[in-house]
file target.txt (compact mmCIF, C-alpha atoms)
# COMPACT_ATOMS: atom_id res chain seq x y z
CA MET A 13 264.42 160.61 24.19
CA SER A 14 266.29 161.77 27.22
CA SER A 15 267.55 158.27 27.92
CA ASP A 16 269.78 158.17 24.87
CA GLY A 17 272.87 156.10 25.32
CA THR A 18 272.16 155.05 28.88
CA THR A 19 272.77 151.46 29.76
CA LEU A 20 270.05 149.32 31.24
CA TYR A 21 271.22 146.28 33.14
CA ILE A 22 268.75 143.43 33.30
CA ARG A 23 268.93 140.21 35.17
CA GLY A 24 266.40 137.42 35.04
CA ASN A 25 266.17 134.17 36.90
CA ARG A 26 266.04 131.05 34.80
CA ALA A 27 262.65 130.02 36.07
CA VAL A 28 259.89 132.42 36.99
CA GLU A 29 256.38 131.67 38.15
CA VAL A 30 253.59 134.10 37.36
CA THR A 31 249.93 134.10 38.23
CA LYS A 32 248.53 136.83 35.99
CA SER A 33 247.80 136.45 32.33
CA GLU A 34 249.49 139.73 31.33
CA VAL A 35 253.17 139.27 31.96
CA THR A 36 255.27 142.43 32.00
CA LEU A 37 259.03 142.70 32.02
CA GLY A 38 258.94 143.73 35.67
CA ASP A 39 257.45 140.33 36.53
CA ILE A 40 260.34 138.36 35.16
CA LEU A 41 263.36 140.65 35.39
CA SER A 42 265.15 142.79 37.88
CA MET A 43 266.84 145.81 36.38
CA GLU A 44 269.12 148.72 37.09
CA CYS A 45 269.76 151.90 35.17
CA ALA A 46 271.60 155.14 35.88
CA ASP A 47 268.56 157.00 34.61
CA ARG A 48 265.94 156.26 37.25
CA ARG A 49 263.02 157.24 35.02
CA VAL A 50 263.73 154.44 32.60
CA ILE A 51 263.11 151.58 35.00
CA PRO A 52 259.35 151.93 35.69
CA ARG A 53 258.73 152.46 31.99
CA VAL A 54 260.57 149.33 30.99
CA LYS A 55 259.06 147.34 33.84
CA ALA A 56 255.56 148.01 32.56
CA LEU A 57 256.27 146.71 29.06
CA PRO A 58 254.12 143.68 28.23
CA VAL A 59 256.12 140.73 27.02
CA LEU A 60 253.74 137.81 27.08
CA LYS A 61 250.01 137.39 26.99
CA ILE A 62 248.63 134.10 28.21
CA ARG A 63 245.34 133.38 26.54
CA THR A 64 244.28 129.92 27.61
CA PRO A 65 243.81 129.38 31.32
CA GLY A 66 245.54 126.61 33.23
CA ARG A 67 249.06 125.63 33.92
CA GLN A 68 251.48 126.14 31.08
CA ARG A 69 255.05 126.99 30.28
CA TYR A 70 256.72 129.42 27.95
CA VAL A 71 260.38 129.77 27.22
CA ILE A 72 261.38 133.31 26.34
CA SER A 73 264.74 134.09 24.83
CA ILE A 74 266.55 137.08 26.28
CA LEU A 75 266.94 138.38 22.71
CA GLU A 76 263.18 138.69 22.48
CA ILE A 77 263.17 140.70 25.68
CA ILE A 78 265.95 142.96 24.46
CA ALA A 79 264.13 143.42 21.15
CA CYS A 80 261.01 144.35 23.10
CA ILE A 81 262.93 146.98 25.08
CA HIS A 82 264.61 148.35 21.95
CA LYS A 83 261.30 148.65 20.18
CA ASN A 84 259.63 150.59 22.96
CA CYS A 85 262.57 152.61 24.22
CA PRO A 86 264.97 153.14 21.33
CA GLY A 87 268.41 154.39 22.23
CA ILE A 88 268.78 152.36 25.39
CA GLU A 89 271.67 150.00 25.55
CA VAL A 90 270.71 146.75 27.23
CA GLN A 91 273.14 144.59 29.14
CA ASN A 92 271.98 141.15 30.21
CA LEU A 93 273.55 139.81 33.37
CA GLY A 94 271.19 136.88 33.88
CA ALA A 95 270.09 133.76 32.11
CA ALA A 96 269.87 133.49 28.33
CA ASP A 97 266.50 131.77 28.40
CA ILE A 98 263.75 132.46 30.86
CA ILE A 99 261.20 129.80 31.63
CA VAL A 100 257.89 131.35 32.56
CA THR A 101 255.47 129.03 34.26
CA CYS A 102 251.91 130.21 34.57
CA GLU A 103 250.26 128.82 37.66
CA ASN A 104 246.62 129.02 38.52
CA GLN A 105 245.86 131.43 41.26
CA LYS A 106 244.28 128.90 43.56
CA THR A 107 246.85 127.21 45.70
CA PRO A 108 246.21 123.54 46.37
CA SER A 109 244.64 122.83 49.73
CA LYS A 110 246.81 122.50 52.79
CA LEU A 111 245.35 119.08 53.52
CA TRP A 112 246.40 117.74 50.12
CA HIS A 113 249.89 119.09 50.68
CA ILE A 114 250.08 117.35 54.06
CA ALA A 115 248.75 114.11 52.56
CA LYS A 116 251.43 114.17 49.87
CA THR A 117 254.10 114.94 52.46
CA VAL A 118 252.97 112.05 54.65
CA PHE A 119 252.96 109.72 51.66
CA VAL A 120 256.47 110.66 50.56
CA ALA A 121 257.71 110.49 54.15
CA ALA A 122 256.25 106.98 54.52
CA VAL A 123 257.71 105.77 51.23
CA THR A 124 261.09 107.21 52.20
CA PHE A 125 261.01 105.69 55.68
CA PHE A 126 259.98 102.19 54.63
CA GLY A 127 262.11 102.37 51.52
CA ALA A 128 265.23 103.23 53.52
CA ALA A 129 264.42 100.50 56.06
CA PHE A 130 263.95 98.01 53.23
CA THR A 131 267.16 99.16 51.57
CA ILE A 132 269.35 98.65 54.61
CA MET A 133 267.75 95.27 55.33
CA ALA A 134 268.23 94.22 51.72
CA PHE A 135 271.85 95.32 51.90
CA ASN A 136 272.47 93.47 55.19
CA ASN A 137 270.79 90.40 53.76
CA ASP A 138 272.67 90.62 50.50
CA VAL A 139 276.11 90.69 52.08
CA ASP A 140 274.94 88.36 54.87
CA VAL A 141 276.00 90.62 57.73
CA THR A 142 274.79 88.11 60.33
CA ARG A 143 277.10 85.37 59.10
CA LEU A 144 279.98 87.78 58.59
CA PHE A 145 279.68 89.04 62.16
CA GLY A 146 279.66 85.45 63.38
CA GLN A 147 282.86 84.80 61.45
CA ILE A 148 284.56 87.94 62.74
CA HIS A 149 283.46 87.09 66.26
CA GLU A 150 284.91 83.60 65.96
CA LEU A 151 288.12 84.98 64.52
CA ALA A 152 288.54 87.40 67.41
CA THR A 153 287.32 85.36 70.38
CA GLY A 154 287.49 81.78 69.18
CA ARG A 155 283.82 81.24 69.98
CA ALA A 156 280.85 81.53 67.64
CA GLY A 157 278.85 84.71 68.17
CA SER A 158 275.38 84.53 69.65
CA GLY A 159 273.92 87.05 67.22
CA PHE A 160 273.79 89.62 70.01
CA THR A 161 277.37 90.62 70.67
CA VAL A 162 279.24 93.87 70.95
CA LEU A 163 279.77 93.65 67.20
CA GLU A 164 276.08 93.90 66.35
CA ILE A 165 275.53 96.68 68.88
CA SER A 166 278.50 98.75 67.72
CA TYR A 167 277.56 98.20 64.08
CA SER A 168 274.10 99.60 64.74
CA ALA A 169 275.59 102.52 66.66
CA GLY A 170 278.11 103.19 63.92
CA LEU A 171 275.43 103.04 61.25
CA THR A 172 273.34 105.54 63.17
CA VAL A 173 276.27 107.92 63.59
CA GLY A 174 277.24 107.54 59.95
CA ILE A 175 273.74 108.26 58.64
CA LEU A 176 273.30 111.32 60.84
CA LEU A 177 276.76 112.63 59.95
CA PHE A 178 276.08 112.06 56.28
CA PHE A 179 272.76 113.85 56.27
CA ASN A 180 274.26 116.55 58.44
CA HIS A 181 271.24 117.13 60.63
CA PHE A 182 269.18 115.59 63.36
CA GLY A 183 265.55 116.55 62.99
CA LYS A 184 265.71 120.31 62.48
CA LYS A 185 269.05 120.76 64.18
CA ARG A 186 271.92 121.06 61.73
CA PHE A 187 275.45 120.11 62.64
CA THR A 188 277.08 122.54 60.23
CA ALA A 189 275.80 125.43 58.10
CA ASP A 190 276.22 123.48 54.86
CA PRO A 191 273.14 122.49 52.89
CA THR A 192 272.25 118.83 53.30
CA PRO A 193 272.92 116.31 50.50
CA MET A 194 269.26 116.08 49.55
CA GLU A 195 268.92 119.86 49.38
CA ILE A 196 271.84 119.88 46.96
CA GLN A 197 270.31 117.03 44.98
CA MET A 198 267.01 118.92 44.81
CA ARG A 199 268.73 121.99 43.31
CA LEU A 200 270.66 119.87 40.82
CA TYR A 201 267.45 118.18 39.77
CA GLU A 202 265.70 121.54 39.33
CA ASN A 203 268.62 122.80 37.26
CA ASP A 204 268.44 119.75 35.03
CA ILE A 205 264.72 120.25 34.52
CA GLN A 206 265.19 123.91 33.61
CA THR A 207 267.97 123.13 31.16
CA THR A 208 265.84 120.42 29.57
CA LEU A 209 262.80 122.69 29.29
CA ALA A 210 264.79 125.49 27.68
CA GLU A 211 266.58 123.18 25.25
CA ASN A 212 263.44 121.26 24.36
CA ALA A 213 261.66 124.49 23.53
CA SER A 214 264.52 125.73 21.42
CA ARG A 215 264.75 122.41 19.53
CA ARG A 216 261.04 122.27 18.85
CA GLY A 217 261.22 125.88 17.77
CA ASP A 218 258.49 127.08 20.10
CA GLU A 219 260.78 129.25 22.12
CA ILE A 220 259.67 132.86 22.00
CA ASP A 221 262.61 134.32 20.17
CA VAL A 222 263.36 137.13 17.73
CA ASP A 223 263.73 134.78 14.80
CA ASN A 224 262.29 131.39 15.25
CA THR A 225 264.49 129.58 12.77
CA ASP A 226 266.13 126.57 14.29
CA ALA A 227 269.83 127.24 14.29
CA SER A 228 270.94 123.89 15.64
CA GLY A 229 271.33 121.97 12.40
CA SER A 230 272.80 118.87 13.91
CA ASP A 231 269.50 117.79 15.39
CA ARG A 232 268.49 114.27 14.71
CA ASP A 233 265.56 114.01 17.01
CA MET B 6 289.94 88.67 81.76
CA LYS B 7 292.08 91.46 80.43
CA LEU B 8 292.44 89.71 77.10
CA MET B 9 288.70 89.42 76.77
CA TRP B 10 288.34 93.14 77.32
CA THR B 11 290.73 93.98 74.52
CA THR B 12 288.97 91.54 72.22
CA GLN B 13 285.65 93.14 72.97
CA MET B 14 287.16 96.57 72.35
CA LEU B 15 288.54 95.37 69.03
CA LEU B 16 285.14 94.02 68.04
CA ALA B 17 283.52 97.32 69.01
CA VAL B 18 285.98 99.29 66.86
CA ILE B 19 285.37 96.94 63.93
CA GLY B 20 281.62 97.23 64.38
CA ILE B 21 281.55 101.02 64.59
CA SER B 22 283.86 101.43 61.61
CA ALA B 23 281.81 98.96 59.57
CA GLY B 24 278.59 100.75 60.48
CA ILE B 25 279.91 104.20 59.54
CA ALA B 26 281.37 102.94 56.27
CA VAL B 27 278.16 101.16 55.29
CA ALA B 28 276.04 104.18 56.23
CA GLY B 29 278.22 106.49 54.18
CA GLY B 30 278.26 104.26 51.14
CA LEU B 31 274.65 103.20 51.09
CA PHE B 32 273.18 106.61 51.83
CA ALA B 33 275.47 108.41 49.43
CA PHE B 34 274.10 106.01 46.84
CA LEU B 35 270.54 106.68 47.92
CA VAL B 36 270.97 110.45 47.70
CA GLU B 37 272.95 110.42 44.49
CA LEU B 38 270.25 108.38 42.78
CA GLY B 39 267.96 111.29 43.56
CA VAL B 40 264.91 109.16 44.31
CA VAL B 41 263.76 111.29 47.21
CA ALA B 42 264.57 114.57 45.50
CA ASP B 43 262.47 113.28 42.63
CA PHE B 44 259.56 112.49 44.96
CA ALA B 45 259.76 115.93 46.53
CA ASP B 46 259.83 117.62 43.15
CA ARG B 47 256.99 115.55 41.69
CA THR B 48 254.71 116.25 44.66
CA HIS B 49 255.75 119.93 44.98
CA THR B 50 256.77 119.40 48.58
CA GLY B 51 260.36 120.53 48.24
CA ASP B 52 259.95 122.62 51.38
CA ARG B 53 259.82 119.40 53.39
CA ILE B 54 263.09 117.97 52.14
CA LEU B 55 264.57 118.01 55.64
CA LEU B 56 261.68 115.89 56.89
CA TYR B 57 262.25 113.39 54.09
CA GLU B 58 265.89 113.26 54.96
CA SER B 59 265.06 112.54 58.57
CA CYS B 60 262.66 109.83 57.43
CA ALA B 61 265.36 108.22 55.31
CA ALA B 62 267.78 108.42 58.23
CA PHE B 63 265.33 106.90 60.73
CA GLY B 64 264.20 104.29 58.24
CA GLY B 65 267.80 103.20 57.83
CA ILE B 66 268.53 103.21 61.56
CA ILE B 67 265.39 101.37 62.62
CA GLY B 68 265.40 98.95 59.70
CA ASN B 69 268.97 98.00 60.53
CA ILE B 70 268.20 97.44 64.21
CA ILE B 71 265.21 95.28 63.35
CA TYR B 72 267.30 93.23 60.95
CA VAL B 73 270.43 92.81 63.03
CA PHE B 74 268.70 91.97 66.31
CA GLN B 75 265.88 90.01 64.66
CA ILE B 76 263.24 92.00 66.51
CA SER B 77 259.77 90.63 65.93
CA ILE B 78 257.00 93.11 65.30
CA PRO B 79 253.44 91.96 65.86
CA ALA B 80 251.83 93.31 62.71
CA GLY B 81 248.84 91.98 60.85
CA PRO B 82 248.75 91.34 57.11
CA TRP B 83 247.24 94.78 56.55
CA ILE B 84 250.22 96.62 57.95
CA LEU B 85 252.54 94.23 56.15
CA GLY B 86 250.72 94.95 52.90
CA ILE B 87 251.06 98.69 53.36
CA CYS B 88 254.76 98.37 54.19
CA GLY B 89 255.16 96.14 51.14
CA ILE B 90 253.56 98.66 48.80
CA LEU B 91 255.62 101.55 50.19
CA ALA B 92 258.87 99.61 50.04
CA GLY B 93 257.93 98.37 46.57
CA ILE B 94 257.36 101.90 45.29
CA PHE B 95 260.71 102.90 46.67
CA ALA B 96 262.51 99.89 45.21
CA GLY B 97 260.87 100.48 41.82
CA CYS B 98 261.95 104.11 41.75
CA TRP B 99 265.39 103.05 42.93
CA ALA B 100 265.77 100.57 40.08
CA MET B 101 264.64 103.10 37.48
CA ALA B 102 266.81 105.85 38.95
CA LEU B 103 269.76 103.51 38.74
CA ALA B 104 269.04 102.84 35.08
CA GLU B 105 268.64 106.57 34.51
CA ILE B 106 271.93 107.45 36.21
CA LEU B 107 273.71 104.91 34.04
CA ASN B 108 272.14 106.47 30.93
CA VAL B 109 270.53 103.21 29.84
CA PHE B 110 267.54 104.88 28.21
CA PRO B 111 269.28 107.59 26.17
CA VAL B 112 271.74 105.04 24.80
CA PHE B 113 269.08 102.53 23.77
CA LEU B 114 266.65 105.10 22.45
CA ARG B 115 269.34 106.74 20.40
CA ARG B 116 270.58 103.43 18.98
CA ALA B 117 267.09 102.23 18.17
CA GLY B 118 265.93 105.60 16.92
CA LEU B 119 262.92 105.39 19.19
CA ILE B 120 261.26 108.61 20.19
CA LYS B 121 257.61 108.23 19.42
CA TYR B 122 256.88 105.14 21.46
CA LEU B 123 258.63 106.25 24.60
CA THR B 124 255.49 105.67 26.68
CA VAL B 125 255.14 102.11 25.40
CA PHE B 126 258.78 101.50 26.20
CA ILE B 127 258.40 102.80 29.76
CA LEU B 128 255.16 100.92 30.30
CA SER B 129 256.72 97.66 29.17
CA ILE B 130 259.65 98.18 31.54
CA ALA B 131 257.24 98.67 34.43
CA LEU B 132 255.07 95.69 33.50
CA GLY B 133 258.12 93.52 32.89
CA LYS B 134 259.59 94.38 36.26
CA GLY B 135 256.29 93.73 38.04
CA LEU B 136 255.81 90.43 36.22
CA GLY B 137 259.37 89.42 36.95
CA ALA B 138 258.93 90.14 40.65
CA CYS B 139 255.68 88.09 40.71
CA LEU B 140 257.35 85.17 38.98
CA PHE B 141 260.29 85.36 41.38
CA PHE B 142 258.06 85.16 44.45
CA PHE B 143 255.56 82.62 43.10
CA ARG B 144 258.28 80.20 42.11
CA GLY B 145 260.10 80.80 45.36
CA TRP B 146 263.42 81.44 43.62
call {"tool": "encode", "arguments": {"input": "target.txt", "output": "structure tokens"}}
result
Amino acid sequence: MSSDGTTLYIRGNRAVEVTKSEVTLGDILSMECADRRVIPRVKALPVLKIRTPGRQRYVISILEIIACIHKNCPGIEVQNLGAADIIVTCENQKTPSKLWHIAKTVFVAAVTFFGAAFTIMAFNNDVDVTRLFGQIHELATGRAGSGFTVLEISYSAGLTVGILLFFNHFGKKRFTADPTPMEIQMRLYENDIQTTLAENASRRGDEIDVDNTDASGSDRD
Amino acid sequence: MKLMWTTQMLLAVIGISAGIAVAGGLFAFLVELGVVADFADRTHTGDRILLYESCAAFGGIIGNIIYVFQISIPAGPWILGICGILAGIFAGCWAMALAEILNVFPVFLRRAGLIKYLTVFILSIALGKGLGACLFFFRGW
């Protein structure tokens, strides 16, 4: 082995999607090594074989991957710079039709639109904004408000400004370069799902690991 | 005349501040509950999150205008029914997301030692909420 003692740096994302049934290390990891010849060899190593067709998930421990590299290329030192567990999701090759995607988008957009409209109305109703504005109007001018005063107009304007400022964009035009609150929420949600998947697999003991004994003894469930 | 101007200005400042504060609070709540992020994830349409955000923003703006100015919309029962279903779905997800954020389920499930019958538990929550809403409207409470 010419590659004795060289260090191989590997880095995997926490969640990887694959479409083929023969998953090699190159599909789920990016790697770097001083010895250039090592990389293509390691990349071609098979790590997972998906037998049954359809959508399914596997959680592979990084130890299993390191063991796989050690077995096939002894003498290489492996340094992991990425996640400790890699979630491999096998997707069917056929992508769902564009029309279905649009239909789902329209549905979610409609639910969001009417839901937000309902929410603000429910809030206004709950705190009785109409009566409150009448009271403020009477306090300030001495006369009862007509329900269509500067207060109602400026409240609506302020609400509009506040919502747009909060969401940080108007249509496709962003006010600042920051991600929007929902984009952040999306990522957080994805992170939670990935953590749950990895921990569930490790608790059930069906994580693909070097030794599949469950080390977490405090499990009750 | 001058006094009236200042009063109107004061009212305008109050109104704008109230609007911005309400928008910030309510929509921070809406985003933090993660209802829409959940929708986007469930339907695999995360690439359209900006569109959903715009929809939430416009829904809030237009819903508020309709409410505050009591604008009447000539819509038949069909359109009303569709709006009702959409708003109902949203409110249902909202209620469950709220319970989830407050960790109601993990606490109860852990106390009761329930794991197996999680689906029954969830189903009974959904049915209970639906039944409760029906009762509320039928009795006119």
call {"tool": "closest_atom_pairs", "arguments": {"input": "target.txt", "of": "segment 29-134 of chain A", "to": "segment 51-75 of chain B", "cutoff": "9 Å", "atoms": "only C-alpha atoms", "output": "JSON lines"}}
result
{"residue": "A:Thr117", "atom": "CA", "partner": "B:Arg53", "partner_atom": "CA", "distance": 7.3}
{"residue": "A:Val120", "atom": "CA", "partner": "B:Tyr57", "partner_atom": "CA", "distance": 7.3}
{"residue": "A:Ala121", "atom": "CA", "partner": "B:Tyr57", "partner_atom": "CA", "distance": 5.4}
{"residue": "A:Ala122", "atom": "CA", "partner": "B:Cys60", "partner_atom": "CA", "distance": 7.6}
{"residue": "A:Val123", "atom": "CA", "partner": "B:Cys60", "partner_atom": "CA", "distance": 8.9}
{"residue": "A:Thr124", "atom": "CA", "partner": "B:Ala61", "partner_atom": "CA", "distance": 5.4}
{"residue": "A:Phe125", "atom": "CA", "partner": "B:Gly64", "partner_atom": "CA", "distance": 4.3}
{"residue": "A:Phe126", "atom": "CA", "partner": "B:Gly64", "partner_atom": "CA", "distance": 5.9}
{"residue": "A:Gly127", "atom": "CA", "partner": "B:Gly64", "partner_atom": "CA", "distance": 7.3}
{"residue": "A:Ala128", "atom": "CA", "partner": "B:Gly64", "partner_atom": "CA", "distance": 4.9}
{"residue": "A:Ala129", "atom": "CA", "partner": "B:Gly68", "partner_atom": "CA", "distance": 4.1}
{"residue": "A:Phe130", "atom": "CA", "partner": "B:Gly68", "partner_atom": "CA", "distance": 6.7}
{"residue": "A:Thr131", "atom": "CA", "partner": "B:Gly65", "partner_atom": "CA", "distance": 7.5}
{"residue": "A:Ile132", "atom": "CA", "partner": "B:Gly65", "partner_atom": "CA", "distance": 5.8}
{"residue": "A:Met133", "atom": "CA", "partner": "B:Tyr72", "partner_atom": "CA", "distance": 6.0}
call {"tool": "closest_residue", "arguments": {"input": "target.txt", "among": "B:Arg144, B:Lys134, B:His49, B:Arg116", "to": "chain A", "atoms": "only C-alpha atoms"}}
result
B:His49
call {"tool": "closest_residue", "arguments": {"input": "target.txt", "among": "A:Arg63, A:His113, A:Arg48, A:Arg53", "to": "Ser33 of chain A", "atoms": "all atoms listed in the file"}}
result
A:Arg63
call {"tool": "closest_residue", "arguments": {"input": "target.txt", "among": "B:Val112, B:Leu85, B:Ile106, B:Ile94", "to": "Ala131 of chain B", "atoms": "all atoms listed in the file"}}
result
B:Ile94
call {"tool": "closest_residue", "arguments": {"input": "target.txt", "among": "A:Leu57, A:Val139, A:Ile148, A:Val71", "to": "Thr208 of chain A", "atoms": "only C-alpha atoms"}}
result
A:Val71
call {"tool": "residues_around", "arguments": {"input": "target.txt", "residues": "Thr11 of chain B", "least_positions_apart": "6", "cutoff": "12 Å", "atoms": "all atoms listed in the file", "output": "ChimeraX atom specification"}}
result
/A:152-153 /B:17-18
call {"tool": "closest_residue", "arguments": {"input": "target.txt", "among": "A:Gly157, A:Gly183, A:Pro191, A:Gly174", "to": "Gly24 of chain B", "atoms": "all atoms listed in the file"}}
result
A:Gly174
call {"tool": "closest_residue", "arguments": {"input": "target.txt", "among": "A:Leu209, A:Leu144, A:Ile220, A:Val54", "to": "chain B", "atoms": "only C-alpha atoms"}}
result
A:Leu144
call {"tool": "atom_distance", "arguments": {"input": "target.txt", "atom1": "atom CA of Met14 of chain B", "atom2": "atom CA of Ser166 of chain A"}}
result
10.1 Å
call {"tool": "atom_distance", "arguments": {"input": "target.txt", "atom1": "atom CA of Thr48 of chain B", "atom2": "atom CA of Lys110 of chain A"}}
result
12.9 Å
call {"tool": "residues_near_point", "arguments": {"input": "target.txt", "point": "(279.9, 106.9, 59.1)", "cutoff": "12 Å", "atoms": "only C-alpha atoms", "output": "PDB file with C-alpha atoms, in the coordinates of the input"}}
result
ATOM      1  CA  SER A 166     278.500  98.750  67.720  1.00  0.00           C
ATOM      2  CA  TYR A 167     277.560  98.200  64.080  1.00  0.00           C
ATOM      3  CA  SER A 168     274.100  99.600  64.740  1.00  0.00           C
ATOM      4  CA  ALA A 169     275.590 102.520  66.660  1.00  0.00           C
ATOM      5  CA  GLY A 170     278.110 103.190  63.920  1.00  0.00           C
ATOM      6  CA  LEU A 171     275.430 103.040  61.250  1.00  0.00           C
ATOM      7  CA  THR A 172     273.340 105.540  63.170  1.00  0.00           C
ATOM      8  CA  VAL A 173     276.270 107.920  63.590  1.00  0.00           C
ATOM      9  CA  GLY A 174     277.240 107.540  59.950  1.00  0.00           C
ATOM     10  CA  ILE A 175     273.740 108.260  58.640  1.00  0.00           C
ATOM     11  CA  LEU A 176     273.300 111.320  60.840  1.00  0.00           C
ATOM     12  CA  LEU A 177     276.760 112.630  59.950  1.00  0.00           C
ATOM     13  CA  PHE A 178     276.080 112.060  56.280  1.00  0.00           C
ATOM     14  CA  PHE A 179     272.760 113.850  56.270  1.00  0.00           C
ATOM     15  CA  ASN A 180     274.260 116.550  58.440  1.00  0.00           C
TER      16      ASN A 180
ATOM     17  CA  GLY B  20     281.620  97.230  64.380  1.00  0.00           C
ATOM     18  CA  ILE B  21     281.550 101.020  64.590  1.00  0.00           C
ATOM     19  CA  SER B  22     283.860 101.430  61.610  1.00  0.00           C
ATOM     20  CA  ALA B  23     281.810  98.960  59.570  1.00  0.00           C
ATOM     21  CA  GLY B  24     278.590 100.750  60.480  1.00  0.00           C
ATOM     22  CA  ILE B  25     279.910 104.200  59.540  1.00  0.00           C
ATOM     23  CA  ALA B  26     281.370 102.940  56.270  1.00  0.00           C
ATOM     24  CA  VAL B  27     278.160 101.160  55.290  1.00  0.00           C
ATOM     25  CA  ALA B  28     276.040 104.180  56.230  1.00  0.00           C
ATOM     26  CA  GLY B  29     278.220 106.490  54.180  1.00  0.00           C
ATOM     27  CA  GLY B  30     278.260 104.260  51.140  1.00  0.00           C
ATOM     28  CA  LEU B  31     274.650 103.200  51.090  1.00  0.00           C
ATOM     29  CA  PHE B  32     273.180 106.610  51.830  1.00  0.00           C
ATOM     30  CA  ALA B  33     275.470 108.410  49.430  1.00  0.00           C
TER      31      ALA B  33
END
call {"tool": "atom_distance", "arguments": {"input": "target.txt", "atom1": "atom CA of Ile72 of chain A", "atom2": "atom CA of Gly24 of chain A"}}
result
10.9 Å
call {"tool": "residues_around", "arguments": {"input": "target.txt", "residues": "Pro52 of chain A", "least_positions_apart": "5", "cutoff": "10 Å", "atoms": "all atoms listed in the file", "output": "PyMOL selection string"}}
result
chain A and resi 37-38+43+57
call {"tool": "residues_around", "arguments": {"input": "target.txt", "residues": "Ala96 of chain A", "least_positions_apart": "3", "cutoff": "12 Å", "atoms": "all atoms listed in the file", "output": "ChimeraX atom specification"}}
result
/A:22-27,41,71-78,91-93,99,206-207,210-211,214,219,221
call {"tool": "residues_around", "arguments": {"input": "target.txt", "residues": "Gly146 of chain A", "least_positions_apart": "3", "cutoff": "9 Å", "atoms": "all atoms listed in the file", "output": "list of chain:residue names"}}
result
A:Val141, A:Thr142, A:Arg143, A:His149, A:Glu150, A:Leu151, A:Arg155, A:Ala156, A:Gly157, A:Ser158, A:Gly159
call {"tool": "decode", "arguments": {"input": "target.txt", "residues": "segment 114-125 of chain A", "atoms": "N, CA and C atoms", "output": "compact mmCIF listing (two decimals), in the first residue's frame"}}
result
# COMPACT_ATOMS: atom_id res chain seq x y z
N ILE A 114 -47.83 21.88 -8.74
CA ILE A 114 -48.53 23.16 -8.79
C ILE A 114 -49.81 23.10 -7.98
N ALA A 115 -50.53 21.96 -8.09
CA ALA A 115 -51.79 21.82 -7.36
C ALA A 115 -51.55 21.92 -5.86
N LYS A 116 -50.47 21.24 -5.39
CA LYS A 116 -50.16 21.29 -3.97
C LYS A 116 -49.81 22.71 -3.54
N THR A 117 -49.01 23.38 -4.42
CA THR A 117 -48.60 24.75 -4.10
C THR A 117 -49.82 25.65 -3.98
N VAL A 118 -50.74 25.51 -4.95
CA VAL A 118 -51.95 26.35 -4.92
C VAL A 118 -52.75 26.08 -3.66
N PHE A 119 -52.84 24.80 -3.29
CA PHE A 119 -53.61 24.44 -2.10
C PHE A 119 -53.00 25.07 -0.84
N VAL A 120 -51.68 24.91 -0.69
CA VAL A 120 -51.04 25.47 0.50
C VAL A 120 -51.15 26.99 0.49
N ALA A 121 -50.99 27.60 -0.70
CA ALA A 121 -51.09 29.05 -0.79
C ALA A 121 -52.49 29.50 -0.36
N ALA A 122 -53.52 28.77 -0.80
CA ALA A 122 -54.89 29.14 -0.45
C ALA A 122 -55.13 28.99 1.05
N VAL A 123 -54.67 27.86 1.60
CA VAL A 123 -54.85 27.66 3.04
C VAL A 123 -54.15 28.77 3.81
N THR A 124 -52.93 29.12 3.37
CA THR A 124 -52.17 30.15 4.07
C THR A 124 -52.87 31.50 3.99
N PHE A 125 -53.34 31.82 2.77
CA PHE A 125 -54.01 33.11 2.57
C PHE A 125 -55.26 33.23 3.43
